[in-house]
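S.K.: Got a file for you: data-v1.pdb, PDB, C-alpha atoms.
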```pdb
ATOM      1  CA  MET A   1       5.757  10.663   4.692
ATOM      2  CA  SER A   2       2.799  11.989   2.709
ATOM      3  CA  ASP A   3       3.258  13.522  -0.726
ATOM      4  CA  GLY A   4      -0.057  15.342  -0.249
ATOM      5  CA  GLY A   5      -2.735  15.156  -2.900
ATOM      6  CA  ALA A   6      -5.178  12.349  -3.491
ATOM      7  CA  ALA A   7      -5.185   8.875  -4.959
ATOM      8  CA  LEU A   8      -7.849   6.386  -6.015
ATOM      9  CA  VAL A   9      -6.845   2.782  -5.337
ATOM     10  CA  LEU A  10      -8.249  -0.079  -7.403
ATOM     11  CA  PHE A  11      -9.091  -2.283  -4.458
ATOM     12  CA  SER A  12     -10.209  -5.898  -4.774
ATOM     13  CA  GLY A  13      -9.543  -6.982  -1.199
ATOM     14  CA  GLY A  14      -6.704  -9.284  -2.259
ATOM     15  CA  GLN A  15      -3.153  -9.358  -0.950
ATOM     16  CA  ASP A  16      -1.707  -7.137  -3.646
ATOM     17  CA  SER A  17      -4.414  -4.481  -3.530
ATOM     18  CA  THR A  18      -4.299  -4.459   0.282
ATOM     19  CA  VAL A  19      -0.573  -3.717   0.266
ATOM     20  CA  CYS A  20      -1.119  -1.184  -2.524
ATOM     21  CA  LEU A  21      -3.772   0.550  -0.410
ATOM     22  CA  ALA A  22      -1.400   0.723   2.555
ATOM     23  CA  TRP A  23       1.291   2.125   0.259
ATOM     24  CA  ALA A  24      -1.092   4.852  -0.949
ATOM     25  CA  LEU A  25      -2.240   5.695   2.592
ATOM     26  CA  ASP A  26       1.385   6.120   3.592
ATOM     27  CA  ARG A  27       1.985   8.479   0.679
ATOM     28  CA  TYR A  28      -1.151  10.518  -0.049
ATOM     29  CA  ALA A  29      -3.231  12.835   2.097
ATOM     30  CA  ARG A  30      -6.552  11.480   0.833
ATOM     31  CA  VAL A  31      -7.123   7.975  -0.474
ATOM     32  CA  GLU A  32     -10.374   6.647  -1.874
ATOM     33  CA  THR A  33     -10.983   3.079  -3.014
ATOM     34  CA  VAL A  34     -12.936   1.588  -5.893
ATOM     35  CA  GLY A  35     -14.087  -2.004  -6.335
ATOM     36  CA  PHE A  36     -15.721  -3.772  -9.244
ATOM     37  CA  ASP A  37     -18.556  -6.275  -9.177
ATOM     38  CA  TYR A  38     -18.092  -8.115 -12.457
ATOM     39  CA  GLY A  39     -19.874 -11.298 -11.464
ATOM     40  CA  GLN A  40     -17.056 -12.963  -9.563
ATOM     41  CA  ARG A  41     -17.847 -16.560  -8.594
ATOM     42  CA  HIS A  42     -17.377 -15.771  -4.908
ATOM     43  CA  ALA A  43     -18.782 -12.722  -3.120
ATOM     44  CA  VAL A  44     -16.191 -13.322  -0.391
ATOM     45  CA  GLU A  45     -13.767 -11.143  -2.357
ATOM     46  CA  LEU A  46     -16.130  -8.194  -2.085
ATOM     47  CA  GLU A  47     -16.700  -8.867   1.616
ATOM     48  CA  ALA A  48     -12.944  -8.912   2.248
ATOM     49  CA  ARG A  49     -12.704  -5.346   0.951
ATOM     50  CA  GLN A  50     -14.753  -3.988   3.816
ATOM     51  CA  ALA A  51     -12.959  -6.100   6.416
ATOM     52  CA  VAL A  52      -9.574  -4.801   5.254
ATOM     53  CA  ARG A  53     -10.732  -1.188   5.201
ATOM     54  CA  ALA A  54     -12.263  -1.469   8.673
ATOM     55  CA  ARG A  55      -9.127  -2.917  10.232
ATOM     56  CA  LEU A  56      -6.849  -0.430   8.493
ATOM     57  CA  ALA A  57      -8.910   2.404   9.953
ATOM     58  CA  ALA A  58      -9.072   0.826  13.413
ATOM     59  CA  GLU A  59      -5.446  -0.279  13.769
ATOM     60  CA  PHE A  60      -3.553   2.488  11.968
ATOM     61  CA  PRO A  61      -4.673   5.878  13.299
ATOM     62  CA  ARG A  62      -2.215   7.750  11.098
ATOM     63  CA  TRP A  63      -3.951   6.297   8.045
ATOM     64  CA  ALA A  64      -7.541   6.416   9.314
ATOM     65  CA  ALA A  65      -7.897  10.144   8.686
ATOM     66  CA  ARG A  66      -6.626   9.690   5.130
ATOM     67  CA  LEU A  67      -8.932   6.832   4.186
ATOM     68  CA  GLY A  68     -11.779   8.329   2.218
ATOM     69  CA  GLU A  69     -14.862   6.996   0.475
ATOM     70  CA  ASP A  70     -15.251   3.564  -1.014
ATOM     71  CA  HIS A  71     -16.962   3.143  -4.357
ATOM     72  CA  MET A  72     -18.399  -0.060  -5.830
ATOM     73  CA  LEU A  73     -19.027  -0.134  -9.570
ATOM     74  CA  GLU A  74     -21.353  -2.720 -11.101
ATOM     75  CA  MET A  75     -19.809  -4.385 -14.180
ATOM     76  CA  ARG A  76     -21.627  -7.712 -14.488
ATOM     77  CA  GLY A  77     -22.292  -7.168 -18.169
ATOM     78  CA  PHE A  78     -18.561  -7.010 -18.790
ATOM     79  CA  GLY A  79     -17.863 -10.084 -16.681
ATOM     80  CA  ALA A  80     -20.414 -12.107 -18.655
ATOM     81  CA  ILE A  81     -18.512 -11.497 -21.898
ATOM     82  CA  GLY A  82     -15.299 -13.254 -20.916
ATOM     83  CA  GLY A  83     -16.569 -16.689 -19.933
ATOM     84  CA  THR A  84     -13.637 -17.509 -17.653
ATOM     85  CA  ALA A  85     -12.926 -19.511 -14.522
ATOM     86  CA  MET A  86     -13.271 -16.286 -12.540
ATOM     87  CA  THR A  87     -16.972 -16.009 -13.358
ATOM     88  CA  GLU A  88     -17.979 -19.569 -14.294
ATOM     89  CA  GLU A  89     -17.478 -23.087 -12.925
ATOM     90  CA  ARG A  90     -14.484 -24.049 -15.057
ATOM     91  CA  ALA A  91     -11.214 -25.832 -14.443
ATOM     92  CA  PHE A  92      -8.098 -23.845 -13.639
ATOM     93  CA  GLU A  93      -5.941 -24.584 -16.667
ATOM     94  CA  ILE A  94      -3.928 -23.056 -19.477
ATOM     95  CA  THR A  95      -6.115 -22.322 -22.488
ATOM     96  CA  GLY A  96      -5.318 -22.784 -26.156
ATOM     97  CA  LYS A  97      -4.046 -19.209 -26.236
ATOM     98  CA  GLY A  98      -1.435 -20.031 -23.599
ATOM     99  CA  LEU A  99      -3.216 -17.957 -20.931
ATOM    100  CA  PRO A 100      -4.728 -19.122 -17.626
ATOM    101  CA  SER A 101      -8.453 -19.886 -17.698
ATOM    102  CA  THR A 102      -8.786 -17.286 -14.911
ATOM    103  CA  TYR A 103      -7.798 -14.498 -17.302
ATOM    104  CA  VAL A 104     -10.677 -12.087 -17.908
ATOM    105  CA  PRO A 105      -9.822 -10.428 -21.240
ATOM    106  CA  GLY A 106      -8.955  -6.763 -20.775
ATOM    107  CA  ARG A 107     -10.119  -6.686 -17.163
ATOM    108  CA  ASN A 108      -7.463  -4.268 -15.892
ATOM    109  CA  LEU A 109      -7.921  -2.052 -18.930
ATOM    110  CA  VAL A 110     -11.656  -1.790 -18.293
ATOM    111  CA  PHE A 111     -11.110  -1.320 -14.562
ATOM    112  CA  LEU A 112      -8.723   1.557 -15.246
ATOM    113  CA  THR A 113     -11.197   3.184 -17.641
ATOM    114  CA  TYR A 114     -13.994   3.062 -15.069
ATOM    115  CA  ALA A 115     -11.642   4.212 -12.310
ATOM    116  CA  ALA A 116     -10.388   7.108 -14.413
ATOM    117  CA  ALA A 117     -13.938   8.252 -15.128
ATOM    118  CA  LEU A 118     -14.639   8.193 -11.396
ATOM    119  CA  ALA A 119     -11.351   9.948 -10.599
ATOM    120  CA  ASP A 120     -12.173  12.642 -13.143
ATOM    121  CA  ARG A 121     -15.414  13.404 -11.318
ATOM    122  CA  ARG A 122     -13.774  13.202  -7.882
ATOM    123  CA  GLY A 123     -10.859  15.462  -8.815
ATOM    124  CA  ILE A 124      -8.280  12.754  -8.101
ATOM    125  CA  PRO A 125      -5.115  12.827 -10.244
ATOM    126  CA  VAL A 126      -3.557   9.479  -9.245
ATOM    127  CA  LEU A 127      -4.794   5.954  -9.852
ATOM    128  CA  ALA A 128      -3.024   3.154  -7.996
ATOM    129  CA  GLY A 129      -3.229  -0.594  -8.533
ATOM    130  CA  GLY A 130      -1.531  -3.754  -7.357
ATOM    131  CA  MET A 131      -0.606  -5.029 -10.817
ATOM    132  CA  CYS A 132       2.639  -6.984 -10.873
ATOM    133  CA  GLU A 133       4.594  -8.526 -13.729
ATOM    134  CA  THR A 134       7.303 -10.250 -11.636
ATOM    135  CA  ASP A 135       5.306 -12.969  -9.873
ATOM    136  CA  PHE A 136       1.985 -13.017 -11.684
ATOM    137  CA  SER A 137      -0.453 -15.423 -13.280
ATOM    138  CA  GLY A 138       0.353 -14.681 -16.906
ATOM    139  CA  TYR A 139      -2.142 -11.880 -17.454
ATOM    140  CA  PRO A 140      -0.930  -9.581 -20.253
ATOM    141  CA  ASP A 141      -2.761  -6.545 -18.844
ATOM    142  CA  CYS A 142      -0.665  -6.721 -15.654
ATOM    143  CA  ARG A 143       2.465  -5.625 -17.525
ATOM    144  CA  ARG A 144       3.760  -2.101 -17.040
ATOM    145  CA  GLU A 145       3.936  -1.676 -20.817
ATOM    146  CA  ALA A 146       0.171  -2.157 -20.987
ATOM    147  CA  ILE A 147      -0.376   0.214 -18.049
ATOM    148  CA  ASP A 148       1.781   2.883 -19.690
ATOM    149  CA  ALA A 149      -0.228   2.603 -22.905
ATOM    150  CA  MET A 150      -3.464   2.863 -20.928
ATOM    151  CA  GLU A 151      -2.190   5.917 -19.061
ATOM    152  CA  ARG A 152      -1.475   7.660 -22.360
ATOM    153  CA  ALA A 153      -4.854   6.698 -23.796
ATOM    154  CA  LEU A 154      -6.788   7.882 -20.734
ATOM    155  CA  ASN A 155      -4.992  11.208 -20.630
ATOM    156  CA  LEU A 156      -5.526  11.745 -24.344
ATOM    157  CA  GLY A 157      -9.162  10.666 -24.294
ATOM    158  CA  MET A 158     -10.101  12.568 -21.129
ATOM    159  CA  ALA A 159      -7.856  15.610 -21.562
ATOM    160  CA  GLN A 160      -6.383  14.797 -18.167
ATOM    161  CA  ASP A 161      -2.974  14.304 -16.612
ATOM    162  CA  PHE A 162      -3.569  11.096 -14.677
ATOM    163  CA  ARG A 163      -0.677   9.142 -13.231
ATOM    164  CA  ILE A 164      -1.105   5.399 -12.768
ATOM    165  CA  GLU A 165       1.022   4.116  -9.908
ATOM    166  CA  THR A 166       1.883   0.409  -9.658
ATOM    167  CA  PRO A 167       4.130   0.076  -6.580
ATOM    168  CA  LEU A 168       4.239  -3.738  -6.744
ATOM    169  CA  MET A 169       5.059  -3.968 -10.442
ATOM    170  CA  ARG A 170       8.681  -5.115 -10.029
ATOM    171  CA  LEU A 171       8.271  -6.991  -6.750
ATOM    172  CA  THR A 172       8.115 -10.731  -6.175
ATOM    173  CA  LYS A 173       5.387 -12.026  -3.891
ATOM    174  CA  ALA A 174       8.018 -12.446  -1.168
ATOM    175  CA  GLU A 175       8.955  -8.792  -1.598
ATOM    176  CA  THR A 176       5.293  -7.806  -1.387
ATOM    177  CA  TRP A 177       5.141  -9.368   2.080
ATOM    178  CA  ALA A 178       8.345  -7.483   2.922
ATOM    179  CA  LEU A 179       6.790  -4.225   1.710
ATOM    180  CA  ALA A 180       3.765  -4.822   3.948
ATOM    181  CA  LYS A 181       6.082  -5.177   6.916
ATOM    182  CA  ARG A 182       7.961  -1.998   6.019
ATOM    183  CA  LEU A 183       4.746  -0.020   5.706
ATOM    184  CA  GLY A 184       2.867  -1.270   8.752
ATOM    185  CA  GLY A 185       5.038  -3.733  10.626
ATOM    186  CA  GLU A 186       3.770  -7.083  11.829
ATOM    187  CA  ALA A 187       0.319  -5.575  12.376
ATOM    188  CA  LEU A 188      -0.134  -4.994   8.647
ATOM    189  CA  VAL A 189       1.270  -8.426   7.858
ATOM    190  CA  ALA A 190      -1.279  -9.984  10.240
ATOM    191  CA  LEU A 191      -4.123  -7.937   8.768
ATOM    192  CA  THR A 192      -3.151  -9.023   5.245
ATOM    193  CA  VAL A 193      -2.922 -12.671   6.278
ATOM    194  CA  GLU A 194      -6.225 -12.693   8.142
ATOM    195  CA  GLU A 195      -8.475 -10.394   6.107
ATOM    196  CA  SER A 196      -7.333 -10.185   2.481
ATOM    197  CA  HIS A 197      -8.664 -12.778   0.055
ATOM    198  CA  THR A 198      -6.899 -14.312  -2.925
ATOM    199  CA  CYS A 199      -8.242 -17.856  -3.331
ATOM    200  CA  TYR A 200      -9.993 -18.473  -6.659
ATOM    201  CA  ARG A 201     -12.279 -21.029  -4.988
ATOM    202  CA  GLY A 202     -13.450 -18.582  -2.342
ATOM    203  CA  GLU A 203     -12.308 -20.748   0.569
ATOM    204  CA  ARG A 204     -12.316 -18.949   3.937
ATOM    205  CA  GLY A 205     -12.098 -21.946   6.227
ATOM    206  CA  GLU A 206      -8.620 -22.930   7.356
ATOM    207  CA  LEU A 207      -6.225 -20.098   8.179
ATOM    208  CA  HIS A 208      -2.787 -21.021   6.867
ATOM    209  CA  ALA A 209       0.374 -19.121   7.773
ATOM    210  CA  TRP A 210      -0.108 -17.132   4.562
ATOM    211  CA  GLY A 211      -3.871 -16.635   4.844
ATOM    212  CA  HIS A 212      -7.207 -18.274   4.085
ATOM    213  CA  GLY A 213      -7.578 -20.357   0.950
ATOM    214  CA  CYS A 214      -7.861 -23.794  -0.618
ATOM    215  CA  GLY A 215      -4.084 -24.021  -0.939
ATOM    216  CA  THR A 216      -4.190 -25.622  -4.387
ATOM    217  CA  CYS A 217      -5.528 -23.053  -6.862
ATOM    218  CA  PRO A 218      -2.949 -20.946  -8.757
ATOM    219  CA  ALA A 219      -3.609 -17.863  -6.602
ATOM    220  CA  CYS A 220      -3.103 -19.763  -3.338
ATOM    221  CA  GLU A 221       0.013 -21.484  -4.620
ATOM    222  CA  LEU A 222       1.550 -18.154  -5.640
ATOM    223  CA  ARG A 223       0.646 -16.492  -2.354
ATOM    224  CA  ALA A 224       1.965 -19.408  -0.275
ATOM    225  CA  LYS A 225       5.168 -19.612  -2.302
ATOM    226  CA  GLY A 226       5.851 -15.916  -1.701
ATOM    227  CA  TRP A 227       5.153 -16.273   2.022
ATOM    228  CA  ASN A 228       7.443 -19.289   2.337
ATOM    229  CA  GLU A 229      10.276 -17.522   0.530
ATOM    230  CA  TRP A 230       9.854 -14.436   2.723
ATOM    231  CA  ALA A 231       9.683 -16.484   5.921
ATOM    232  CA  ALA A 232      12.741 -18.545   4.936
ATOM    233  CA  GLY A 233      14.650 -15.293   4.525
ATOM    234  CA  GLY A 234      13.824 -14.177   8.084
ATOM    235  CA  ARG A 235      10.698 -12.083   7.309
ATOM    236  CA  PRO A 236      12.665  -8.915   6.460
ATOM    237  CA  GLU A 237      11.303  -5.475   5.677
ATOM    238  CA  LEU A 238      11.707  -4.400   2.067
ATOM    239  CA  ALA A 239      14.646  -2.054   1.708
ATOM    240  CA  ALA A 240      13.532   1.520   1.069
TER     241      ALA A 240
END
```
Show the structure stored in the file as structure tokens.
M.R.:
Amino acid sequence: MSDGGAALVLFSGGQDSTVCLAWALDRYARVETVGFDYGQRHAVELEARQAVRARLAAEFPRWAARLGEDHMLEMRGFGAIGGTAMTEERAFEITGKGLPSTYVPGRNLVFLTYAAALADRRGIPVLAGGMCETDFSGYPDCRREAIDAMERALNLGMAQDFRIETPLMRLTKAETWALAKRLGGEALVALTVEESHTCYRGERGELHAWGHGCGTCPACELRAKGWNEWAAGGRPELAA
């Protein structure tokens, strides 16, 4: 059931942002998407965005009319600052700060700032993202506390009344699969498996039960673990 209004989804083409996009399409009358080119090691992530959008529009007529424009923002200068395994050939490891080497410092905070500036110009009051602090890779800017602080800062600095929605924030990865099934049934589960991209190594060869990927990087391991837990539980829908 739509709440009316409009939302701008921070959309990477990954599992979480795909489910977040479906959640927004189920809730809002107009949904636009925004992606960020920050010099990711693998362009496959950006290609997955368009594949997901195309299949959502083709396979879910009730959402097709709500799916609005896609925006791609160039942020390679920002990506070059971090020097992480997301933008450079580095090992996937825990750094001296106790954070994964895939952590791009402040990435979600910068993404939200850019998205809010775009939303301001587009007249969109809601930003939505797939951030999650339950099953996540240790990124401090995925925590709801950080998102709440950013929401306050954006509204103060832009004289706006934005609301940042994070529907996956308290969900495990298994529950994210269950939410996909509740929103779009097995068709959305299949779309997420086949089209969304999570693998840090950019592997799109073998299609596992949980999706494409190398199967050994932290992102693949987390995605596979969530799938296996969900499947072991009988592939339920998430309770409303």
S.K.: Please evaluate the PyMOL selection byres ((chain A and resi 67-74) around 6) against the displayed coordinates and give the resulting residues as a PDB file with C-alpha atoms, in the coordinates of the input.
M.R.:
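Result file is expr_9.pdb:
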```
ATOM      1  CA  VAL A  31      -7.123   7.975  -0.474  1.00  0.00           C
ATOM      2  CA  GLU A  32     -10.374   6.647  -1.874  1.00  0.00           C
ATOM      3  CA  THR A  33     -10.983   3.079  -3.014  1.00  0.00           C
ATOM      4  CA  VAL A  34     -12.936   1.588  -5.893  1.00  0.00           C
ATOM      5  CA  GLY A  35     -14.087  -2.004  -6.335  1.00  0.00           C
ATOM      6  CA  PHE A  36     -15.721  -3.772  -9.244  1.00  0.00           C
ATOM      7  CA  ASP A  37     -18.556  -6.275  -9.177  1.00  0.00           C
ATOM      8  CA  ALA A  64      -7.541   6.416   9.314  1.00  0.00           C
ATOM      9  CA  ALA A  65      -7.897  10.144   8.686  1.00  0.00           C
ATOM     10  CA  ARG A  66      -6.626   9.690   5.130  1.00  0.00           C
ATOM     11  CA  MET A  75     -19.809  -4.385 -14.180  1.00  0.00           C
TER      12      MET A  75
END
```
S.K.: Residue by residue, what does the PyMOL selection byres ((chain A and resi 217-221) around 8) grab here? Present the result as a short mmCIF file (atom, residue, chain, number, x, y, z; two decimals) with C-alpha atoms, in the coordinates of the input.
M.R.:
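File part_29.cif, as written:
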```
data_model
loop_
_atom_site.label_atom_id
_atom_site.label_comp_id
_atom_site.auth_asym_id
_atom_site.auth_seq_id
_atom_site.Cartn_x
_atom_site.Cartn_y
_atom_site.Cartn_z
CA PHE A 92 -8.10 -23.84 -13.64
CA SER A 137 -0.45 -15.42 -13.28
CA THR A 198 -6.90 -14.31 -2.92
CA CYS A 199 -8.24 -17.86 -3.33
CA TYR A 200 -9.99 -18.47 -6.66
CA ARG A 201 -12.28 -21.03 -4.99
CA GLY A 213 -7.58 -20.36 0.95
CA CYS A 214 -7.86 -23.79 -0.62
CA GLY A 215 -4.08 -24.02 -0.94
CA THR A 216 -4.19 -25.62 -4.39
CA LEU A 222 1.55 -18.15 -5.64
CA ARG A 223 0.65 -16.49 -2.35
CA ALA A 224 1.96 -19.41 -0.28
CA LYS A 225 5.17 -19.61 -2.30
#
```
S.K.: Can you tell me, as an MDAnalysis selection string, what residues are no more than 8 Å from segment 6-15 of chain A when counting all atoms listed in the file, ignoring any on the same chain fewer than 6 positions away?
M.R.: chainID A and resid 21 24 28:36 45:50 52 111 115 119 124:130 192:193 196:198
S.K.: I'd like the residues picked by the PyMOL selection byres ((chain A and resi 174-181) around 6) written out as a ChimeraX atom specification, using the chain letters and numbers from the file.
M.R.: /A:19,171-173,182-186,189,226-227,229-230,236-238
S.K.: Taking into account all atoms listed in the file, which residue in the set A:Leu25, A:Asp16, A:Gly4, A:Val44 is nearest to Pro61 of chain A?
M.R.: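 Residue with the minimum atom-to-atom distance to Pro61 of chain A: A:Leu25.
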S.K.: Between atom CA of Leu168 of chain A and atom CA of Cys132 of chain A, measure the distance and give it in Å to one decimal.
M.R.: 5.5 Å
S.K.: Can you measure atom CA of Glu195 of chain A to atom CA of Thr166 of chain A for me? One decimal in Å is fine.
M.R.: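 Distance reported for this atom pair: 21.7 Å.
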S.K.: Which residue, A:Ala51, A:Ala22, A:Leu109, A:Ala43, has the smallest gap to Ala149 of chain A when you use only C-alpha atoms?
M.R.: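 Among A:Ala51, A:Ala22, A:Leu109, A:Ala43, it is A:Leu109 that comes nearest to Ala149 of chain A.
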S.K.: I'd like to know which of A:Arg204, A:Arg53, A:Arg170, A:Arg62 is closest to Thr134 of chain A, using all atoms listed in the file.
M.R.: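 Between A:Arg204, A:Arg53, A:Arg170, A:Arg62, the residue approaching Thr134 of chain A most closely is A:Arg170.
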S.K.: As a list in words, please: the residues near Glu194 of chain A (cut-off 8 Å, all atoms listed in the file, same-chain neighbours under 5 positions excluded).
M.R.: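 The residues satisfying every condition are Leu207, Gly211 and His212 of chain A.
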S.K.: Those selected residues, please, written with C-alpha atoms and delivered as a compact mmCIF listing (two decimals), keeping the file's coordinate frame.
M.R.:
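File written: result.txt
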```txt
# COMPACT_ATOMS: atom_id res chain seq x y z
CA LEU A 207 -6.22 -20.10 8.18
CA GLY A 211 -3.87 -16.64 4.84
CA HIS A 212 -7.21 -18.27 4.08
```
S.K.: Please report the interatomic distance between atom CA of Met158 of chain A and atom CA of Ala116 of chain A in Å with one decimal.
M.R.: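 Computing the Euclidean distance for atom CA of Met158 of chain A and atom CA of Ala116 of chain A yields 8.7 Å.
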